[in-house]
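This is protein_3.txt. It holds compact mmCIF, C-alpha atoms and all ligand atoms.
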```txt
# COMPACT_ATOMS: atom_id res chain seq x y z
CA ALA Z 1232 35.92 27.45 -69.38
CA VAL Z 1233 38.32 29.04 -66.90
CA ASP Z 1234 36.05 28.02 -64.03
CA THR Z 1235 35.99 24.43 -65.14
CA ARG Z 1236 39.75 24.23 -65.24
CA LEU Z 1237 40.07 25.70 -61.75
CA MET Z 1238 37.65 23.25 -60.24
CA CYS Z 1239 39.17 20.32 -62.03
CA GLN Z 1240 42.57 21.24 -60.73
CA HIS Z 1241 41.21 21.03 -57.22
CA SER Z 1242 39.92 17.54 -57.79
CA PHE Z 1243 43.18 16.49 -59.43
CA GLN Z 1244 45.11 17.42 -56.33
CA THR Z 1245 43.41 14.63 -54.42
CA SER Z 1246 44.31 12.04 -57.04
CA PRO Z 1247 47.92 12.56 -58.11
CA ALA Z 1248 47.96 9.52 -60.44
CA SER Z 1249 45.45 11.01 -62.90
CA SER Z 1250 46.60 12.52 -66.17
CA PRO Z 1251 44.64 15.20 -68.11
CA SER Z 1252 43.48 12.60 -70.64
CA ALA Z 1253 42.21 10.31 -67.91
CA THR Z 1254 40.10 13.10 -66.41
CA LYS Z 1255 37.76 13.08 -69.41
CA THR Z 1256 36.46 9.67 -68.41
CA LEU Z 1257 35.94 10.57 -64.73
CA PRO Z 1258 32.25 11.04 -63.85
CA PHE Z 1259 33.35 13.48 -61.13
CA HIS Z 1260 34.83 15.68 -63.81
CA SER Z 1261 31.57 15.87 -65.68
CA VAL Z 1262 29.63 16.74 -62.53
CA MET Z 1263 32.00 19.58 -61.85
CA LYS Z 1264 31.46 20.84 -65.34
CA HIS Z 1265 27.70 21.11 -64.70
CA ARG Z 1266 28.19 23.03 -61.52
CA SER Z 1267 29.62 25.91 -63.47
CA ASN Z 1268 26.14 26.41 -64.95
CA PRO Z 1269 24.62 29.43 -63.08
CA LEU Z 1270 21.18 27.79 -63.09
CA VAL Z 1271 22.49 24.69 -61.32
CA LEU Z 1272 24.33 26.90 -58.83
CA LEU Z 1273 21.13 28.82 -58.10
CA LEU Z 1274 19.28 25.54 -57.57
CA LEU Z 1275 21.95 24.38 -55.12
CA VAL Z 1276 21.75 27.64 -53.15
CA VAL Z 1277 17.94 27.45 -52.97
CA THR Z 1278 18.10 23.82 -51.81
CA ALA Z 1279 20.67 24.75 -49.15
CA ILE Z 1280 18.46 27.57 -47.84
CA MET Z 1281 15.43 25.25 -47.72
CA LEU Z 1282 17.46 22.62 -45.83
CA LEU Z 1283 18.62 25.24 -43.32
CA PHE Z 1284 15.02 26.28 -42.72
CA ALA Z 1285 13.94 22.68 -42.22
CA ILE Z 1286 16.69 22.10 -39.66
CA MET Z 1287 15.87 25.35 -37.79
CA HIS Z 1288 12.25 24.25 -37.48
CA THR Z 1289 13.10 20.75 -36.30
CA TYR Z 1290 15.43 21.86 -33.49
CA PRO Z 1291 14.36 24.79 -31.34
CA THR Z 1292 17.10 27.40 -31.46
CA ASP Z 1293 16.77 28.99 -28.03
CA SER Z 1294 19.48 28.12 -25.59
CA LEU Z 1295 17.24 26.34 -23.03
CA ASN Z 1296 16.06 23.94 -25.72
CA GLN Z 1297 12.46 24.62 -24.72
CA HIS Z 1298 9.56 24.45 -27.05
CA TYR Z 1299 6.72 26.83 -26.32
CA VAL Z 1300 3.18 25.79 -27.22
CA ASN Z 1301 0.43 28.32 -27.67
CA PRO Z 1302 -2.44 26.89 -25.55
CA ASP Z 1303 -5.00 28.41 -27.93
CA ARG Z 1304 -3.76 26.09 -30.63
CA LEU Z 1305 -4.25 22.89 -28.59
CA GLN Z 1306 -7.10 20.76 -29.83
CA LEU Z 1307 -8.05 19.40 -26.40
CA ASP Z 1308 -11.71 19.63 -25.32
CA LEU Z 1309 -12.59 22.45 -22.96
CA ILE Z 1310 -9.28 23.16 -21.27
CA SER Z 1311 -10.95 25.95 -19.32
CA GLN Z 1312 -12.95 23.40 -17.33
CA ARG Z 1313 -9.80 22.02 -15.72
CA GLN Z 1314 -10.33 24.24 -12.67
CA ASP Z 1315 -13.43 22.24 -11.78
CA PRO Z 1316 -12.57 18.60 -12.47
CA LYS Z 1317 -15.29 15.98 -12.25
CA PRO Z 1318 -14.87 13.77 -9.16
CA VAL Z 1319 -13.73 10.29 -10.13
CA SER Z 1320 -16.41 8.70 -7.93
CA PRO Z 1321 -19.68 10.59 -8.39
CA VAL Z 1322 -21.36 8.78 -5.48
CA ARG Z 1323 -20.53 10.46 -2.18
CA ASP Z 1324 -21.90 7.84 0.21
CA LEU Z 1325 -19.37 5.00 0.20
CA ALA Z 1326 -21.97 2.51 1.39
CA ASP Z 1327 -23.71 2.90 -2.00
CA LEU Z 1328 -20.59 1.98 -3.95
CA PRO Z 1329 -20.17 -1.67 -4.99
CA MET Z 1330 -16.93 -3.24 -3.71
CA ILE Z 1331 -14.11 -3.94 -6.14
CA TYR Z 1332 -11.96 -7.03 -5.61
CA PRO Z 1333 -8.71 -6.83 -7.56
CA ILE Z 1334 -7.05 -10.27 -7.75
CA THR Z 1335 -3.28 -9.85 -8.05
CA PRO Z 1336 -0.91 -12.74 -8.76
CA THR Z 1337 2.57 -11.93 -7.50
CA TYR Z 1338 5.93 -13.68 -7.01
CA GLY Z 1339 9.30 -12.90 -5.42
CA ARG Z 1340 11.81 -11.02 -7.61
CA SER Z 1341 14.01 -7.89 -7.33
CA ALA Z 1342 11.28 -5.53 -8.52
CA GLN Z 1343 8.34 -7.10 -6.68
CA ILE Z 1344 8.06 -4.61 -3.83
CA ALA Z 1345 8.65 -1.67 -6.19
CA ASP Z 1346 5.83 -2.89 -8.45
CA LEU Z 1347 3.51 -3.55 -5.49
CA THR Z 1348 4.26 -0.10 -4.05
CA ARG Z 1349 3.06 1.54 -7.26
CA LEU Z 1350 0.01 -0.72 -7.38
CA SER Z 1351 -1.01 -0.31 -3.75
CA GLN Z 1352 -0.67 3.46 -3.84
CA THR Z 1353 -2.93 3.54 -6.88
CA LEU Z 1354 -5.46 1.40 -4.98
CA MET Z 1355 -5.27 3.74 -1.98
CA LEU Z 1356 -6.89 6.39 -4.17
CA VAL Z 1357 -9.87 4.15 -4.91
CA PRO Z 1358 -12.81 3.81 -2.48
CA ASN Z 1359 -14.30 0.44 -1.49
CA ILE Z 1360 -11.44 -1.84 -2.47
CA HIS Z 1361 -10.58 -5.23 -1.05
CA TRP Z 1362 -7.31 -6.43 -2.54
CA ILE Z 1363 -6.78 -10.18 -2.99
CA ILE Z 1364 -3.04 -10.80 -3.18
CA CYS Z 1365 -2.07 -14.30 -4.29
CA GLU Z 1366 1.56 -15.24 -3.93
CA ASP Z 1367 3.10 -17.86 -6.21
CA SER Z 1368 5.07 -19.55 -3.43
CA TRP Z 1369 4.92 -22.47 -0.99
CA THR Z 1370 6.15 -20.35 1.90
CA PRO Z 1371 5.33 -16.72 2.71
CA ASN Z 1372 7.87 -14.30 1.25
CA ARG Z 1373 9.43 -12.23 4.05
CA LEU Z 1374 9.74 -9.04 1.97
CA LEU Z 1375 6.08 -9.26 0.98
CA GLN Z 1376 5.09 -9.68 4.62
CA LEU Z 1377 7.10 -6.58 5.58
CA PHE Z 1378 5.34 -4.70 2.79
CA LEU Z 1379 1.87 -5.87 3.89
CA LYS Z 1380 2.54 -4.97 7.53
CA ASP Z 1381 2.51 -1.26 6.61
CA LEU Z 1382 -0.20 -1.48 3.95
CA LYS Z 1383 -3.14 0.87 4.49
CA LEU Z 1384 -5.67 -1.15 2.50
CA ASN Z 1385 -8.11 -3.99 3.12
CA PHE Z 1386 -6.48 -7.11 1.80
CA THR Z 1387 -6.41 -10.90 1.89
CA LEU Z 1388 -3.17 -12.79 1.27
CA ILE Z 1389 -3.37 -16.31 -0.16
CA LEU Z 1390 -0.44 -18.63 -0.91
CA THR Z 1391 -0.97 -20.05 -4.40
CA PRO Z 1392 2.09 -21.96 -5.67
CA MET Z 1393 2.00 -22.90 -9.36
CA PRO Z 1394 1.83 -26.75 -9.56
CA ALA Z 1395 5.19 -28.28 -10.53
CA LYS Z 1396 3.84 -29.77 -13.78
CA TYR Z 1397 3.13 -26.26 -15.10
CA ARG Z 1398 6.29 -24.74 -13.65
CA ARG Z 1399 8.30 -27.16 -15.80
CA LEU Z 1400 6.70 -25.87 -19.03
CA LYS Z 1401 8.62 -23.49 -21.30
CA LYS Z 1402 5.50 -21.32 -21.65
CA GLN Z 1403 4.01 -21.24 -18.17
CA PRO Z 1404 0.40 -20.28 -17.48
CA LYS Z 1405 1.53 -17.45 -15.18
CA GLY Z 1406 -0.82 -16.43 -12.38
CA CYS Z 1407 -3.52 -19.05 -13.09
CA THR Z 1408 -3.35 -20.74 -9.69
CA ALA Z 1409 -3.50 -17.28 -8.16
CA ARG Z 1410 -6.55 -16.11 -10.10
CA ASN Z 1411 -8.42 -19.37 -9.52
CA ALA Z 1412 -7.72 -19.11 -5.79
CA GLY Z 1413 -9.12 -15.56 -5.86
CA LEU Z 1414 -12.26 -16.80 -7.64
CA LYS Z 1415 -12.67 -19.55 -5.04
CA TRP Z 1416 -12.25 -17.12 -2.13
CA LEU Z 1417 -14.92 -14.81 -3.59
CA THR Z 1418 -17.27 -17.75 -4.22
CA ASP Z 1419 -16.74 -19.37 -0.81
CA SER Z 1420 -17.41 -16.08 0.97
CA ASN Z 1421 -20.29 -15.28 -1.42
CA LYS Z 1422 -19.12 -11.70 -1.99
CA ASP Z 1423 -21.03 -8.95 -3.77
CA GLY Z 1424 -19.20 -6.60 -6.09
CA VAL Z 1425 -16.85 -6.70 -9.05
CA LEU Z 1426 -13.66 -8.73 -9.60
CA TYR Z 1427 -10.71 -7.58 -11.64
CA PHE Z 1428 -7.57 -9.53 -12.60
CA MET Z 1429 -4.88 -7.00 -11.83
CA ASP Z 1430 -1.34 -8.11 -12.76
CA ASP Z 1431 1.25 -6.66 -10.39
CA ASP Z 1432 3.42 -4.86 -12.98
CA ASN Z 1433 0.81 -2.97 -15.06
CA THR Z 1434 0.00 0.73 -14.71
CA TYR Z 1435 -3.57 1.61 -13.75
CA ASP Z 1436 -5.38 4.94 -14.04
CA ILE Z 1437 -7.80 5.17 -11.11
CA ARG Z 1438 -10.60 5.99 -13.56
CA VAL Z 1439 -10.65 2.35 -14.70
CA PHE Z 1440 -12.11 1.36 -11.33
CA GLU Z 1441 -15.08 3.69 -11.73
CA GLU Z 1442 -15.63 2.32 -15.25
CA MET Z 1443 -15.88 -1.23 -13.90
CA ARG Z 1444 -17.66 -0.52 -10.61
CA TRP Z 1445 -21.24 -1.02 -11.88
CA THR Z 1446 -20.52 -4.07 -14.06
CA GLN Z 1447 -23.62 -6.28 -14.38
CA ARG Z 1448 -21.93 -9.25 -16.10
CA VAL Z 1449 -18.66 -8.47 -17.92
CA SER Z 1450 -17.29 -5.03 -18.82
CA MET Z 1451 -14.40 -4.36 -21.23
CA TRP Z 1452 -12.04 -1.52 -22.28
CA PRO Z 1453 -8.78 -1.02 -24.20
CA VAL Z 1454 -5.32 -1.81 -22.77
CA GLY Z 1455 -2.27 0.15 -23.92
CA LEU Z 1456 1.20 -1.26 -24.66
CA VAL Z 1457 -0.01 -4.74 -25.58
CA THR Z 1458 2.16 -6.32 -28.30
CA GLU Z 1459 3.63 -4.46 -31.30
CA LEU Z 1460 0.20 -2.99 -32.04
CA ALA Z 1461 0.61 -0.70 -28.99
CA VAL Z 1462 -3.00 -1.22 -27.90
CA SER Z 1463 -5.47 -4.07 -27.54
CA SER Z 1464 -9.16 -3.23 -27.86
CA PRO Z 1465 -12.58 -4.43 -28.93
CA ILE Z 1466 -13.36 -2.87 -32.34
CA LEU Z 1467 -16.66 -0.97 -32.20
CA LYS Z 1468 -18.68 0.75 -34.90
CA ASN Z 1469 -22.17 2.26 -34.65
CA GLY Z 1470 -22.94 0.30 -31.49
CA HIS Z 1471 -21.72 -3.02 -32.88
CA LEU Z 1472 -18.74 -5.19 -31.98
CA LEU Z 1473 -16.82 -5.76 -35.22
CA GLY Z 1474 -13.97 -7.79 -33.75
CA TRP Z 1475 -10.78 -7.47 -31.76
CA TYR Z 1476 -7.69 -5.37 -32.35
CA ASP Z 1477 -5.04 -7.49 -30.64
CA GLY Z 1478 -1.56 -8.48 -31.78
CA TYR Z 1479 -1.65 -11.91 -30.19
CA MET Z 1480 -2.57 -13.92 -33.25
CA ILE Z 1481 -4.22 -17.07 -31.94
CA LYS Z 1482 -7.83 -17.91 -32.53
CA ARG Z 1483 -9.93 -16.70 -29.61
CA LYS Z 1484 -13.59 -15.83 -29.14
CA PHE Z 1485 -12.52 -12.99 -26.83
CA ALA Z 1486 -9.14 -11.63 -27.95
CA ILE Z 1487 -8.56 -9.40 -24.95
CA ASP Z 1488 -5.77 -8.81 -22.44
CA MET Z 1489 -6.11 -9.78 -18.77
CA ALA Z 1490 -6.28 -6.11 -17.73
CA GLY Z 1491 -9.08 -5.31 -20.22
CA PHE Z 1492 -12.14 -6.71 -18.44
CA ALA Z 1493 -13.95 -7.07 -15.09
CA THR Z 1494 -16.71 -9.40 -13.89
CA ASN Z 1495 -19.64 -9.07 -11.52
CA VAL Z 1496 -18.90 -11.44 -8.63
CA GLN Z 1497 -22.50 -12.61 -8.12
CA PHE Z 1498 -22.85 -13.25 -11.87
CA MET Z 1499 -19.68 -15.40 -11.78
CA ILE Z 1500 -20.96 -17.30 -8.73
CA LYS Z 1501 -24.37 -17.93 -10.34
CA VAL Z 1502 -22.84 -19.29 -13.57
CA GLY Z 1503 -20.92 -21.71 -11.35
CA GLY Z 1504 -17.69 -23.65 -11.82
CA VAL Z 1505 -15.93 -20.69 -13.47
CA GLU Z 1506 -12.15 -21.19 -13.68
CA MET Z 1507 -9.20 -19.95 -15.65
CA PRO Z 1508 -7.61 -22.74 -17.74
CA TYR Z 1509 -3.91 -23.52 -17.36
CA MET Z 1510 -3.25 -22.77 -21.02
CA HIS Z 1511 -0.64 -20.19 -21.96
CA GLY Z 1512 -2.20 -17.46 -24.08
CA LEU Z 1513 -5.72 -18.78 -23.67
CA GLU Z 1514 -6.24 -17.79 -20.03
CA GLU Z 1515 -8.49 -14.79 -20.71
CA ASP Z 1516 -10.46 -16.47 -23.50
CA GLY Z 1517 -10.92 -19.66 -21.47
CA TYR Z 1518 -12.15 -17.73 -18.43
CA LEU Z 1519 -14.61 -15.62 -20.45
CA ARG Z 1520 -15.92 -18.72 -22.26
CA ALA Z 1521 -16.42 -20.39 -18.86
CA LEU Z 1522 -18.71 -17.46 -17.98
CA LYS Z 1523 -20.91 -18.58 -20.91
CA ILE Z 1524 -21.43 -15.01 -22.12
CA GLY Z 1525 -22.31 -13.92 -25.64
CA TYR Z 1526 -21.00 -10.76 -27.28
CA GLY Z 1527 -24.32 -9.08 -26.44
CA ASP Z 1528 -23.63 -9.45 -22.70
CA ILE Z 1529 -20.50 -7.28 -22.81
CA GLU Z 1530 -20.63 -3.73 -21.41
CA PHE Z 1531 -18.11 -1.64 -23.35
CA LYS Z 1532 -16.58 1.08 -21.19
CA ALA Z 1533 -14.02 3.92 -21.33
CA ASP Z 1534 -16.17 6.10 -23.56
CA GLY Z 1535 -17.01 3.42 -26.11
CA CYS Z 1536 -13.46 2.00 -25.85
CA THR Z 1537 -11.87 5.29 -26.92
CA LYS Z 1538 -9.78 5.88 -23.77
CA ILE Z 1539 -6.78 4.04 -22.34
CA TYR Z 1540 -6.93 3.66 -18.56
CA VAL Z 1541 -4.63 0.62 -18.24
CA TRP Z 1542 -1.12 0.07 -19.59
CA HIS Z 1543 0.54 -3.30 -19.92
CA THR Z 1544 3.90 -2.07 -18.64
CA ARG Z 1545 6.77 -4.36 -17.71
CA THR Z 1546 9.35 -3.39 -15.12
CA GLN Z 1547 12.95 -3.64 -16.17
CA TRP Z 1548 14.95 -4.98 -13.24
CA SER Z 1549 17.79 -2.55 -12.95
CA SER Z 1550 19.39 -4.74 -10.30
CA ARG Z 1551 20.28 -8.41 -10.24
CA GLY Z 1552 20.88 -8.18 -6.50
CA SER Z 1553 24.62 -8.60 -5.99
CA PRO Z 1554 25.27 -9.85 -2.44
CA MET Z 1555 28.08 -7.28 -2.01
CA ILE Z 1556 26.20 -5.93 1.00
CA ILE Z 1557 27.15 -8.98 3.08
CA ASN Z 1558 30.80 -7.86 2.98
CA SER Z 1559 32.02 -7.70 6.61
CA HIS Z 1560 33.21 -4.10 6.08
CA TYR Z 1561 29.61 -3.08 6.60
CA ASP Z 1562 29.11 -4.91 9.90
CA GLY Z 1563 27.55 -2.72 12.57
CA THR Z 1564 26.17 -0.22 10.03
CA ASN Z 1565 22.67 0.53 8.76
CA LEU Z 1566 23.43 -1.66 5.74
CA ARG Z 1567 22.81 -4.73 7.90
CA LYS Z 1568 19.17 -3.60 8.25
CA LEU Z 1569 18.88 -2.50 4.61
CA GLN Z 1570 20.07 -5.97 3.67
CA SER Z 1571 16.80 -7.35 5.01
CA ARG Z 1572 14.80 -5.02 2.71
CA ILE Z 1573 16.24 -6.15 -0.62
CA MET Z 1574 16.32 -9.37 -2.57
CA LEU Z 1575 19.83 -10.72 -3.01
CA SER Z 1576 20.84 -13.02 -5.82
CA SER Z 1577 21.23 -16.63 -4.76
CA ARG Z 1578 23.85 -17.23 -7.46
CA GLN Z 1579 27.08 -18.60 -6.02
CA ASN Z 1580 29.52 -17.04 -8.46
CA TRP Z 1581 29.28 -13.40 -7.35
CA LYS Z 1582 32.64 -12.02 -6.23
CA ILE Z 1583 32.63 -10.00 -3.01
CA ASN Z 1584 34.90 -7.23 -4.23
CA SER Z 1585 37.19 -6.03 -1.45
CA SER Z 1586 38.11 -2.90 -3.42
CA TYR Z 1587 34.81 -1.47 -2.16
CA GLU Z 1588 36.74 -0.75 1.01
CA ALA Z 1589 37.92 2.36 -0.83
CA TRP Z 1590 34.42 3.79 -0.58
CA LEU Z 1591 34.59 3.95 3.19
CA ILE Z 1592 35.48 7.44 4.41
CA LYS Z 1593 38.42 7.41 6.82
CA GLU Z 1594 37.67 10.79 8.43
CA GLN Z 1595 35.78 10.71 11.76
CA PHE Z 1596 32.75 12.94 12.28
CA SER Z 1597 29.35 12.62 13.93
CA ILE Z 1598 26.14 12.42 11.94
CA HIS Z 1599 22.76 13.98 12.61
CA ASN Z 1600 19.68 11.80 12.25
C1 LIG Z 1701 1.18 -11.67 -20.14
C2 LIG Z 1701 -0.19 -11.16 -20.57
O1 LIG Z 1701 -0.07 -9.97 -21.30
C3 LIG Z 1701 -1.05 -10.93 -19.33
O2 LIG Z 1701 -2.28 -10.38 -19.69
C4 LIG Z 1701 -1.22 -12.22 -18.63
O3 LIG Z 1701 -1.83 -11.98 -17.39
C5 LIG Z 1701 0.11 -12.87 -18.38
O4 LIG Z 1701 0.98 -12.87 -19.52
C6 LIG Z 1701 -0.12 -14.32 -18.02
O5 LIG Z 1701 0.53 -15.18 -18.58
O6 LIG Z 1701 -0.99 -14.58 -17.20
P1 LIG Z 1701 3.26 -10.69 -18.84
O7 LIG Z 1701 3.64 -9.28 -18.56
O8 LIG Z 1701 4.05 -11.49 -19.80
O9 LIG Z 1701 1.73 -10.71 -19.29
O10 LIG Z 1701 3.20 -11.53 -17.51
P2 LIG Z 1701 3.78 -11.20 -16.05
O11 LIG Z 1701 3.45 -9.80 -15.65
O12 LIG Z 1701 5.18 -11.64 -15.94
O13 LIG Z 1701 2.88 -12.19 -15.18
C7 LIG Z 1701 1.48 -12.03 -15.05
C8 LIG Z 1701 1.12 -12.10 -13.57
O14 LIG Z 1701 1.50 -13.37 -13.06
C9 LIG Z 1701 1.85 -11.05 -12.74
O15 LIG Z 1701 0.98 -10.49 -11.78
C10 LIG Z 1701 2.98 -11.83 -12.08
O16 LIG Z 1701 3.34 -11.33 -10.83
C11 LIG Z 1701 2.39 -13.22 -11.97
N1 LIG Z 1701 3.41 -14.28 -12.05
C12 LIG Z 1701 4.35 -14.31 -13.02
C13 LIG Z 1701 3.40 -15.29 -11.10
O17 LIG Z 1701 2.55 -15.29 -10.19
N2 LIG Z 1701 4.35 -16.28 -11.17
C14 LIG Z 1701 5.32 -16.30 -12.12
O18 LIG Z 1701 6.17 -17.21 -12.13
C15 LIG Z 1701 5.31 -15.29 -13.08
MN MN Z 1702 3.19 -8.12 -16.86
```

When written as structure tokens, how does the structure in this file appear?
Ligand code: UGA
Ligand code: MN
Amino acid sequence: AVDTRLMCQHSFQTSPASSPSATKTLPFHSVMKHRSNPLVLLLLVVTAIMLLFAIMHTYPTDSLNQHYVNPDRLQLDLISQRQDPKPVSPVRDLADLPMIYPITPTYGRSAQIADLTRLSQTLMLVPNIHWIICEDSWTPNRLLQLFLKDLKLNFTLILTPMPAKYRRLKKQPKGCTARNAGLKWLTDSNKDGVLYFMDDDNTYDIRVFEEMRWTQRVSMWPVGLVTELAVSSPILKNGHLLGWYDGYMIKRKFAIDMAGFATNVQFMIKVGGVEMPYMHGLEEDGYLRALKIGYGDIEFKADGCTKIYVWHTRTQWSSRGSPMIINSHYDGTNLRKLQSRIMLSSRQNWKINSSYEAWLIKEQFSIHN
């Protein structure tokens, strides 16, 4: 009883208006009364200890905040074989390898050269590649030309502006003109090999190229980061195609992302008249239907569609391209040349902030190049 009074007094201090009679009706008062029970106290202490343990196991306690993993506990297959990795291309003689023709639609924007740098340096690791770059523009983009000048890859550049009637649409069929131009170039030059629609902002594991290289008609594999479902893939069970796992809920015969399939060029040419329709969301399905394939014609790759070798990433443009660099303070400096390497915003309402003058160092000293 003494305990109860002590604890109640403490709670009374925080509410000076309460009288002893009023405290009887306070739920807080009754809770406090229970806490005096040694069993309840014991329960509270046990719970507190358990909570402490849980927190200690969630956050590593060592000062470097590192988490050490015992390699023996990892469930990966045959880690010990890492010292002798399988070559990505098992065929040594390049002349025996079918050519791969990636068709890449691209268009001018701040991140274009950054995206194409990543893409081209992936392709540089792949043998027997001829890259078909199709630019959505009426006139050649100067930055793209600068980029291509130094490119160490076989490539063909085609100008493929999206027709104005599609450009006006709210949901544009992006890259269709480009891909159709690539198909036409392959057909006109009667190429042998495999074609792959390779968007310029995705992330490609070089293993995907070896998966597609021997495609007879159409090969398919999963694509990561597509819609809320995090992956898009054919659904396979015991050697049968059950359907499509894809978050884009419109009725399609082939519910697959652009990066999830490749086609044999000669097969496409023989079918004849194959094009990608200018229909937002139905580009892939329309193209695959035009190939007149059945489900039985599909070659499922990436270990029975269990591996992800392509990711549908999107580049966040961290710059909107302020034209600050044209400020005359920078005349005669290297910034005049850098200016020609970046895409500046054409918006008129940017302010050229003269306070940037403060960034110029007044001290004189010579630099070493
Ligand atoms: C979505 C789909 O997930 C892709 O599989 C599909 O290829 C694409 O739309 C499409 O509509 O064709 P998303 O990331 O939204 O992908 O599209 P983007 O990456 O913005 O564009 C797809 C390709 O078209 C890119 O290579 C891009 O450079 C090119 N593009 C985009 C143009 O050529 N012109 C444009 O105005 C916009
Ligand atoms: Mn994209």

Mind listing the residues within 7 Å of ligand MN 1702 (chain Z), all atoms listed in the file counted, as a PyMOL selection string?
chain Z and resi 1430-1433+1543-1545

With 6 Å as the cut-off and only C-alpha atoms and all ligand atoms counted, what is the closest atom pair between each nearby residue of chain Z and ligand LIG 1701 (chain Z)? Distances in Å to one decimal, ordered by chain and number, as JSON lines.
```
{"residue": "Z:Thr1335", "atom": "CA", "partner": "Z:LIG1701", "partner_atom": "O15", "distance": 5.7}
{"residue": "Z:Pro1336", "atom": "CA", "partner": "Z:LIG1701", "partner_atom": "O15", "distance": 4.2}
{"residue": "Z:Thr1337", "atom": "CA", "partner": "Z:LIG1701", "partner_atom": "O16", "distance": 3.5}
{"residue": "Z:Tyr1338", "atom": "CA", "partner": "Z:LIG1701", "partner_atom": "O17", "distance": 4.9}
{"residue": "Z:Asp1367", "atom": "CA", "partner": "Z:LIG1701", "partner_atom": "O17", "distance": 4.8}
{"residue": "Z:Pro1404", "atom": "CA", "partner": "Z:LIG1701", "partner_atom": "O5", "distance": 5.2}
{"residue": "Z:Lys1405", "atom": "CA", "partner": "Z:LIG1701", "partner_atom": "O5", "distance": 4.2}
{"residue": "Z:Gly1406", "atom": "CA", "partner": "Z:LIG1701", "partner_atom": "O14", "distance": 3.9}
{"residue": "Z:Asp1430", "atom": "CA", "partner": "Z:LIG1701", "partner_atom": "O15", "distance": 3.5}
{"residue": "Z:Asp1431", "atom": "CA", "partner": "Z:LIG1701", "partner_atom": "O15", "distance": 4.1}
{"residue": "Z:Asp1432", "atom": "CA", "partner": "Z:LIG1701", "partner_atom": "O11", "distance": 5.6}
{"residue": "Z:Asp1488", "atom": "CA", "partner": "Z:LIG1701", "partner_atom": "O2", "distance": 4.7}
{"residue": "Z:Met1489", "atom": "CA", "partner": "Z:LIG1701", "partner_atom": "O2", "distance": 4.0}
{"residue": "Z:Arg1545", "atom": "CA", "partner": "Z:LIG1701", "partner_atom": "O7", "distance": 5.9}
```

Please produce a file of the residues just selected, as an mmCIF file, keeping the file's coordinate frame, where the atoms kept are C-alpha atoms.
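File written: selection17.cif
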```cif
data_model
loop_
_atom_site.group_PDB
_atom_site.id
_atom_site.type_symbol
_atom_site.label_atom_id
_atom_site.label_comp_id
_atom_site.auth_asym_id
_atom_site.auth_seq_id
_atom_site.Cartn_x
_atom_site.Cartn_y
_atom_site.Cartn_z
ATOM 1 C CA THR Z 1335 -3.280 -9.850 -8.050
ATOM 2 C CA PRO Z 1336 -0.910 -12.740 -8.760
ATOM 3 C CA THR Z 1337 2.570 -11.930 -7.500
ATOM 4 C CA TYR Z 1338 5.930 -13.680 -7.010
ATOM 5 C CA ASP Z 1367 3.100 -17.860 -6.210
ATOM 6 C CA PRO Z 1404 0.400 -20.280 -17.480
ATOM 7 C CA LYS Z 1405 1.530 -17.450 -15.180
ATOM 8 C CA GLY Z 1406 -0.820 -16.430 -12.380
ATOM 9 C CA ASP Z 1430 -1.340 -8.110 -12.760
ATOM 10 C CA ASP Z 1431 1.250 -6.660 -10.390
ATOM 11 C CA ASP Z 1432 3.420 -4.860 -12.980
ATOM 12 C CA ASP Z 1488 -5.770 -8.810 -22.440
ATOM 13 C CA MET Z 1489 -6.110 -9.780 -18.770
ATOM 14 C CA ARG Z 1545 6.770 -4.360 -17.710
#
```

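Within 7 Å of range 1351-1362 of chain Z, once all atoms listed in the file are used and residues closer than 3 positions along the same chain are dropped, the contacting residues are Z:Leu1328, Z:Met1330, Z:Ile1331, Z:Tyr1332, Z:Pro1333, Z:Ile1334, Z:Leu1347, Z:Thr1348, Z:Leu1384, Z:Asn1385, Z:Phe1386, Z:Thr1387, Z:Ile1437.
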
Exercise: residues within 7 Å of coordinate (11.6, -4.3, -10.0), counting only C-alpha atoms, as an NGL selection string:
:Z and (1341-1343 or 1345-1346 or 1546-1548)

Which of these residues is nearest to Val1496 in chain Z, using all atoms listed in the file: Z:Arg1483, Z:Lys1383, Z:Lys1402, Z:Lys1415?
Z:Lys1415

Spatial neighbours of Phe1485 in chain Z, max dist 9 Å, all atoms listed in the file, sep filter under 5 positions, as a PyMOL selection string:
chain Z and resi 1465+1474-1475+1515-1517+1519-1520+1526

Proximity to Cys1536 in chain Z - best of Z:Ser1463, Z:Gln1403, Z:Thr1278, Z:Ser1571, only C-alpha atoms
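Ranked by minimum distance to Cys1536 in chain Z, first place goes to Z:Ser1463.
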
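Across the structure, CA of Leu1569 in chain Z and CA of Ile1556 in chain Z are spaced 8.9 Å apart.
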
Option closest in space to Val1449 in chain Z, from Z:Ile1529, Z:Leu1426, Z:Ala1490, Z:Ile1481 [counting all atoms listed in the file]:
Z:Ile1529

Just to confirm, what's the straight-line distance from CA of Leu1388 in chain Z to CA of Glu1366 in chain Z in Å (one decimal)?
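That distance, rounded to one decimal, is 7.4 Å.
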
Nearest residue to Ala1493 in chain Z from the set Z:Gly1339, Z:Pro1269, Z:Pro1371, Z:Gly1424 (distances using all atoms listed in the file)
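Residue with the minimum atom-to-atom distance to Ala1493 in chain Z: Z:Gly1424.
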
In the coordinate frame of the file, compute which residues have an atom within 12 Å of (-12.3, -1.5, -31.6) when using only C-alpha atoms, and state them as number ranges by chain.
Z: 1451-1454, 1462-1477, 1486-1487, 1531-1538

By how many Å are CA of Trp1542 in chain Z and CA of Asp1436 in chain Z apart?
8.5 Å
